[in-house]
Amino acid sequence: MTIDGSAVLVRGNPAGLRSLARHLLTLAQESVPAGSHLHLTGGSELDGDADLVVERADL
């Protein structure tokens, strides 16, 4: 993942993209409460230095 000005590029191999998609589908389930989130750490789960946090918000 890279951050360039106001754009974020999420890039991964097929397995990594499928894994991210599964995490997002889990957050989208009806039974998941607002505020639940996914936190991927740069340098560990992600290449690069930036962390990625995706949070469910029921607006």
# chains A, B, ... in the order shown; residues from 1 in each chain; ligands from 1

call {"tool": "select_by_dssp", "arguments": {"residues": "chain A", "states": "alpha helix (DSSP H)", "output": "count of residues only"}}
result
14

call {"tool": "residues_around", "arguments": {"residues": "stretch 13-28 of chain A", "least_positions_apart": "4", "cutoff": "8 Å", "atoms": "only C-alpha atoms", "output": "PDB file with C-alpha atoms, in the first residue's frame"}}
result
ATOM      1  CA  VAL A  32     -21.210  -7.103  12.487  1.00  0.00           C
ATOM      2  CA  SER A  36     -15.897  -2.997  14.023  1.00  0.00           C
ATOM      3  CA  HIS A  37     -12.679  -2.615  12.144  1.00  0.00           C
ATOM      4  CA  LEU A  38      -9.796  -4.283  10.381  1.00  0.00           C
ATOM      5  CA  GLU A  55     -14.013   0.473   9.805  1.00  0.00           C
ATOM      6  CA  ARG A  56     -17.677  -0.364   9.419  1.00  0.00           C
TER       7      ARG A  56
END

call {"tool": "atom_distance", "arguments": {"atom1": "atom CA of A:Gly5", "atom2": "atom CA of A:His39"}}
result
21.4 Å

call {"tool": "select_by_dssp", "arguments": {"residues": "chain A", "states": "strand (DSSP E)", "output": "ChimeraX atom specification"}}
result
/A:2-4,7-9,37-40,52-55

call {"tool": "write_last_selection", "arguments": {"atoms": "N, CA, C and O atoms", "output": "short mmCIF file (atom, residue, chain, number, x, y, z; two decimals), in the first residue's frame"}}
result
data_model
loop_
_atom_site.label_atom_id
_atom_site.label_comp_id
_atom_site.auth_asym_id
_atom_site.auth_seq_id
_atom_site.Cartn_x
_atom_site.Cartn_y
_atom_site.Cartn_z
N THR A 2 0.57 2.19 -0.86
CA THR A 2 1.31 3.45 -0.89
C THR A 2 0.34 4.61 -0.85
O THR A 2 -0.80 4.51 -1.31
N ILE A 3 0.79 5.71 -0.29
CA ILE A 3 0.00 6.92 -0.23
C ILE A 3 0.72 7.97 -1.06
O ILE A 3 1.90 8.23 -0.85
N ASP A 4 0.00 8.55 -2.03
CA ASP A 4 0.58 9.55 -2.91
C ASP A 4 -0.36 10.74 -2.95
O ASP A 4 -1.36 10.72 -3.67
N ALA A 7 -4.25 10.16 -2.93
CA ALA A 7 -4.61 8.84 -3.44
C ALA A 7 -3.92 7.74 -2.63
O ALA A 7 -2.79 7.90 -2.19
N VAL A 8 -4.64 6.64 -2.45
CA VAL A 8 -4.07 5.46 -1.79
C VAL A 8 -4.10 4.32 -2.81
O VAL A 8 -5.14 4.03 -3.39
N LEU A 9 -2.96 3.71 -3.02
CA LEU A 9 -2.86 2.57 -3.93
C LEU A 9 -2.77 1.30 -3.10
O LEU A 9 -1.85 1.15 -2.29
N HIS A 37 -13.68 -3.04 13.10
CA HIS A 37 -12.68 -2.62 12.14
C HIS A 37 -11.63 -3.68 11.88
O HIS A 37 -11.50 -4.64 12.64
N LEU A 38 -10.90 -3.45 10.82
CA LEU A 38 -9.80 -4.28 10.38
C LEU A 38 -8.57 -3.40 10.42
O LEU A 38 -8.60 -2.27 9.92
N HIS A 39 -7.51 -3.85 11.05
CA HIS A 39 -6.27 -3.07 11.14
C HIS A 39 -5.14 -3.94 10.60
O HIS A 39 -4.80 -4.96 11.19
N LEU A 40 -4.58 -3.51 9.48
CA LEU A 40 -3.43 -4.20 8.89
C LEU A 40 -2.21 -3.31 9.08
O LEU A 40 -2.25 -2.11 8.78
N LEU A 52 -3.20 0.23 7.42
CA LEU A 52 -4.51 0.36 6.80
C LEU A 52 -5.56 -0.01 7.84
O LEU A 52 -5.51 -1.10 8.41
N VAL A 53 -6.50 0.89 8.09
CA VAL A 53 -7.61 0.63 8.99
C VAL A 53 -8.89 0.83 8.19
O VAL A 53 -9.09 1.87 7.58
N VAL A 54 -9.73 -0.20 8.18
CA VAL A 54 -11.04 -0.14 7.52
C VAL A 54 -12.06 -0.37 8.60
O VAL A 54 -12.01 -1.38 9.31
N GLU A 55 -13.02 0.55 8.74
CA GLU A 55 -14.01 0.47 9.80
C GLU A 55 -15.41 0.47 9.23
O GLU A 55 -15.71 1.19 8.29
#

call {"tool": "residues_around", "arguments": {"residues": "A:Gly42", "least_positions_apart": "4", "cutoff": "9 Å", "atoms": "only C-alpha atoms", "output": "mmCIF file with all heavy atoms, in the first residue's frame"}}
result
data_model
loop_
_atom_site.group_PDB
_atom_site.id
_atom_site.type_symbol
_atom_site.label_atom_id
_atom_site.label_comp_id
_atom_site.auth_asym_id
_atom_site.auth_seq_id
_atom_site.Cartn_x
_atom_site.Cartn_y
_atom_site.Cartn_z
ATOM 1 N N MET A 1 0.847 -1.160 0.000
ATOM 2 C CA MET A 1 0.000 0.000 0.000
ATOM 3 C C MET A 1 0.897 1.229 0.000
ATOM 4 O O MET A 1 1.860 1.290 0.749
ATOM 5 C CB MET A 1 -0.890 -0.001 1.229
ATOM 6 C CG MET A 1 -1.850 1.154 1.263
ATOM 7 S SD MET A 1 -2.943 1.130 2.678
ATOM 8 C CE MET A 1 -1.846 1.736 3.930
ATOM 9 N N LEU A 46 1.290 -5.795 5.666
ATOM 10 C CA LEU A 46 1.360 -5.028 4.418
ATOM 11 C C LEU A 46 2.802 -4.669 4.096
ATOM 12 O O LEU A 46 3.605 -4.436 4.999
ATOM 13 C CB LEU A 46 0.568 -3.712 4.556
ATOM 14 C CG LEU A 46 -0.913 -3.805 4.863
ATOM 15 C CD1 LEU A 46 -1.460 -2.418 5.171
ATOM 16 C CD2 LEU A 46 -1.651 -4.420 3.693
ATOM 17 N N ASP A 47 3.117 -4.597 2.819
ATOM 18 C CA ASP A 47 4.402 -4.039 2.407
ATOM 19 C C ASP A 47 4.333 -2.531 2.611
ATOM 20 O O ASP A 47 3.273 -1.926 2.510
ATOM 21 C CB ASP A 47 4.682 -4.334 0.936
ATOM 22 C CG ASP A 47 4.984 -5.810 0.689
ATOM 23 O OD1 ASP A 47 5.367 -6.497 1.644
ATOM 24 O OD2 ASP A 47 4.832 -6.245 -0.462
ATOM 25 N N GLY A 48 5.435 -1.901 2.897
ATOM 26 C CA GLY A 48 5.467 -0.459 3.087
ATOM 27 C C GLY A 48 5.287 -0.092 4.546
ATOM 28 O O GLY A 48 5.137 -0.949 5.417
ATOM 29 N N ASP A 49 5.304 1.213 4.806
ATOM 30 C CA ASP A 49 5.286 1.703 6.178
ATOM 31 C C ASP A 49 3.899 2.045 6.702
ATOM 32 O O ASP A 49 3.689 2.103 7.903
ATOM 33 C CB ASP A 49 6.153 2.962 6.292
ATOM 34 C CG ASP A 49 7.613 2.670 5.978
ATOM 35 O OD1 ASP A 49 8.064 1.549 6.266
ATOM 36 O OD2 ASP A 49 8.291 3.562 5.447
ATOM 37 N N ALA A 50 2.949 2.302 5.817
ATOM 38 C CA ALA A 50 1.630 2.784 6.236
ATOM 39 C C ALA A 50 0.753 1.633 6.716
ATOM 40 O O ALA A 50 0.787 0.530 6.168
ATOM 41 C CB ALA A 50 0.945 3.508 5.086
ATOM 42 N N ASP A 51 -0.033 1.906 7.752
ATOM 43 C CA ASP A 51 -1.050 0.969 8.226
ATOM 44 C C ASP A 51 -2.338 1.225 7.461
ATOM 45 O O ASP A 51 -2.553 2.308 6.926
ATOM 46 C CB ASP A 51 -1.341 1.171 9.711
ATOM 47 C CG ASP A 51 -0.164 0.806 10.614
ATOM 48 O OD1 ASP A 51 0.860 0.326 10.105
ATOM 49 O OD2 ASP A 51 -0.294 1.010 11.830
ATOM 50 N N LEU A 52 -3.196 0.227 7.417
ATOM 51 C CA LEU A 52 -4.514 0.362 6.796
ATOM 52 C C LEU A 52 -5.557 -0.014 7.835
ATOM 53 O O LEU A 52 -5.508 -1.097 8.413
ATOM 54 C CB LEU A 52 -4.653 -0.565 5.577
ATOM 55 C CG LEU A 52 -6.032 -0.636 4.926
ATOM 56 C CD1 LEU A 52 -6.408 0.716 4.321
ATOM 57 C CD2 LEU A 52 -6.069 -1.728 3.865
#
